[in-house]
Structures are given as structure tokens and as C-alpha cells.
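Scroll down for the structure; my scribbles are underneath it.
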Amino acid sequence: MTLFFPPPIEDRNKWLRPGLMSSDDVEWYTPPEIRDAVVEALGGRVDVDPCADPMRTFPAFQHFTEGENGLMRRWLGRVYMNPPYGRTISAWTTKLKDELRDGRATEAVALLPARVDTTWWHQLAPPVVCLIRGRLRFSGYEQSAPFPSAAVYFGANRRRFEDAFADLGLLYAALDS
């Protein structure tokens, strides 16, 4: 009988990044192919990244990091949102809907876990969705995510979104959009 002993604690990050196989890790940084599609879908200009990583790596004119609390700020113009994927995701999707409804956000793309059975997804009711093919390899991770992803679009330039995301997955539009 062969016994398996996990690597020492200090070596585990080399073996498997903690949180990758669970929902414990809420920080999933945007992969380059998604970044490029978002910028194209929003006409080459992203005004606000309300869920920015600490290094503000997404090409937006304004970033709100965790410490700056994007939930408490106004999102003006074209928005890209890749929210924390933990229990607070519904607060972020609600905030996105509010900013769009109130006219502060004029166009938006959000990268989300494709959890179409959840209350927050149904409340968000995205008019256009790209169900991304395969599992994304988020920046900072060596392995692919353990969940499927979707990019959703809100705005008047649906064709531009569809063109930008056509090669990344299946595109769907709500019947009432």
C-alpha cells in the first residue's frame, strides 16, 4: 500500500493554487483574450473598471480597486465589470443594473460565472450573452477555472459585441431584447 502525503504547506502553491478548485478565491483576473474582446466590444474605450485588480491592469480610464469600493461610486460611460465571484456577486450585478437604468453607465460588458440558475442571473437578465467555450484560464492561475464563464452585454451596439465575441463562444440574445 502506497500512502500519499500532500506537499508541505510552503510548497502547496507550486502544486495547486489555493481556492482554484473552490469558491474560496473570489479574485479572478481577466484573461488577455477576454480583455481584447471587451475593448473591441466597447468601441476601443473603457471608461470604468469598478472591480479593478490592485495593479489596475485592465485598460480603463478609471479604476476602483477593492479599497476604493466600486459599489459606492458612480460608474459613468462604458463599463467593464469582472466582479468578485463570491457571495457579493449579486450586489455587483444589482449595481450594474442600477447604473444602466439611471443612465450613468451607457454601455457595459460583464464577465461572470455562467450560473444561469441563480437568482442574481435572472435579476440581471442580460439581453445578450456569450457562453464562453471551454474553461477560462484567468490571469494569475496555471489551471483553468472550475466553472464555465459568460460575457454579457448591455447597450445599443449589440452587433459590435457579437463581432468581438463571436470566436470565443456561443452568442445568445433574449427574445425581448
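Ordered as shown in the C-alpha cells, chains take letters A, B, and onward, while each chain numbers its residues from 1 and ligands are numbered from 1 in the order shown.
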message = Using only C-alpha atoms, which protein or nucleic acid residues come within 8 Å of Glu40 of chain A? Drop anything in the same chain fewer than 3 positions from it, and give the result as a VMD selection string.
response = chain A and resid 36 to 37 43 to 44 160 to 161 164
inquiry  = Give me, as a count of residues only, all polymer residues having an atom no more than 12 Å from Phe58 of chain A, counting only C-alpha atoms and skipping those fewer than 3 positions away in the same chain.
reply    = 30
remark   = With distances taken over only C-alpha atoms, the candidate from A:Leu136, A:Phe154, A:Leu131, A:Arg87 nearest Leu170 of chain A is A:Leu131
key: Nearest candidate to Ile89 of chain A (options A:Leu71, A:Ala151, A:Leu76, A:Leu168; using only C-alpha atoms)   =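 For Ile89 of chain A, the nearest of the candidates is A:Leu71.
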ask   = In terms of the shortest atom-to-atom distance over only C-alpha atoms, which of A:Pro148, A:Gly103, A:Gly67, A:Pro113 is closest to Pro83 of chain A?
value = A:Pro113
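Comparing the minimum interatomic distances between Leu96 of chain A and each of A:Thr57, A:Ser149, A:Gln143, A:Gln123, counting only C-alpha atoms, we find that A:Gln123 sits nearest.
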Test item: residues at most 10 Å from Thr119 of chain A, only C-alpha atoms, excluding those fewer than 5 positions along its chain, as a PyMOL selection string = chain A and resi 90+124-125
Excluding Lys95 of chain A and any residue of its chain fewer than 2 positions from it, enumerate the residues within 10 Å of it, using only C-alpha atoms, and give them as a JSON list (two decimals) with N, CA and C atoms, in the first residue's frame.
[["chain", "number", "residue", "atom", "x", "y", "z"],
["A", 70, "GLY", "N", -15.95, 50.10, -5.43],
["A", 70, "GLY", "CA", -16.74, 50.46, -6.60],
["A", 70, "GLY", "C", -18.24, 50.42, -6.39],
["A", 71, "LEU", "N", -18.69, 49.68, -5.40],
["A", 71, "LEU", "CA", -20.14, 49.64, -5.13],
["A", 71, "LEU", "C", -20.65, 50.99, -4.63],
["A", 72, "MET", "N", -19.78, 51.81, -4.08],
["A", 72, "MET", "CA", -20.17, 53.10, -3.52],
["A", 72, "MET", "C", -19.90, 54.25, -4.48],
["A", 73, "ARG", "N", -19.44, 53.97, -5.68],
["A", 73, "ARG", "CA", -19.07, 55.00, -6.66],
["A", 73, "ARG", "C", -20.07, 55.04, -7.81],
["A", 74, "ARG", "N", -20.03, 56.13, -8.57],
["A", 74, "ARG", "CA", -20.82, 56.23, -9.80],
["A", 74, "ARG", "C", -20.00, 55.67, -10.94],
["A", 75, "TRP", "N", -20.66, 54.92, -11.81],
["A", 75, "TRP", "CA", -20.00, 54.35, -12.99],
["A", 75, "TRP", "C", -20.49, 55.12, -14.20],
["A", 89, "ILE", "N", -21.54, 38.75, -5.33],
["A", 89, "ILE", "CA", -21.76, 38.96, -6.76],
["A", 89, "ILE", "C", -23.12, 39.60, -7.06],
["A", 90, "SER", "N", -24.14, 39.27, -6.29],
["A", 90, "SER", "CA", -25.45, 39.87, -6.55],
["A", 90, "SER", "C", -25.45, 41.37, -6.27],
["A", 91, "ALA", "N", -24.66, 41.83, -5.33],
["A", 91, "ALA", "CA", -24.55, 43.28, -5.09],
["A", 91, "ALA", "C", -23.95, 43.97, -6.31],
["A", 92, "TRP", "N", -22.99, 43.33, -6.94],
["A", 92, "TRP", "CA", -22.34, 43.90, -8.13],
["A", 92, "TRP", "C", -23.28, 43.89, -9.34],
["A", 93, "THR", "N", -23.98, 42.80, -9.54],
["A", 93, "THR", "CA", -24.89, 42.75, -10.70],
["A", 93, "THR", "C", -26.07, 43.71, -10.50],
["A", 97, "LYS", "N", -27.02, 46.96, -12.98],
["A", 97, "LYS", "CA", -28.38, 47.26, -13.48],
["A", 97, "LYS", "C", -28.82, 48.66, -13.08],
["A", 98, "ASP", "N", -28.53, 49.07, -11.85],
["A", 98, "ASP", "CA", -28.90, 50.40, -11.37],
["A", 98, "ASP", "C", -28.19, 51.49, -12.17],
["A", 99, "GLU", "N", -26.90, 51.32, -12.42],
["A", 99, "GLU", "CA", -26.14, 52.33, -13.16],
["A", 99, "GLU", "C", -26.64, 52.43, -14.60],
["A", 100, "LEU", "N", -27.00, 51.32, -15.21],
["A", 100, "LEU", "CA", -27.56, 51.34, -16.56],
["A", 100, "LEU", "C", -28.95, 51.98, -16.57],
["A", 101, "ARG", "N", -29.79, 51.59, -15.64],
["A", 101, "ARG", "CA", -31.16, 52.13, -15.55],
["A", 101, "ARG", "C", -31.15, 53.65, -15.35],
["A", 124, "LEU", "N", -30.44, 40.04, -13.21],
["A", 124, "LEU", "CA", -29.61, 40.78, -14.15],
["A", 124, "LEU", "C", -30.24, 40.76, -15.54]]
task = Name the residues of segment 108-140 of chain A that come out as alpha helix (DSSP H) in a backbone DSSP run; write them as an MDAnalysis selection string.
result = chainID A and resid 119:124
Export N, CA and C atoms of the chosen residues as a CSV table (one decimal), in the first residue's frame?
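Result file is result02.csv:
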chain,number,residue,atom,x,y,z
A,119,THR,N,-30.5,33.3,-8.7
A,119,THR,CA,-31.4,34.5,-8.7
A,119,THR,C,-30.8,35.7,-9.2
A,120,TRP,N,-29.5,35.9,-8.9
A,120,TRP,CA,-28.8,37.1,-9.4
A,120,TRP,C,-28.7,37.1,-10.9
A,121,TRP,N,-28.6,36.0,-11.6
A,121,TRP,CA,-28.5,36.0,-13.0
A,121,TRP,C,-29.9,36.4,-13.6
A,122,HIS,N,-30.9,35.8,-13.0
A,122,HIS,CA,-32.3,36.1,-13.5
A,122,HIS,C,-32.7,37.6,-13.3
A,123,GLN,N,-32.2,38.2,-12.2
A,123,GLN,CA,-32.5,39.6,-11.9
A,123,GLN,C,-31.6,40.5,-12.9
A,124,LEU,N,-30.4,40.0,-13.2
A,124,LEU,CA,-29.6,40.8,-14.2
A,124,LEU,C,-30.2,40.8,-15.5
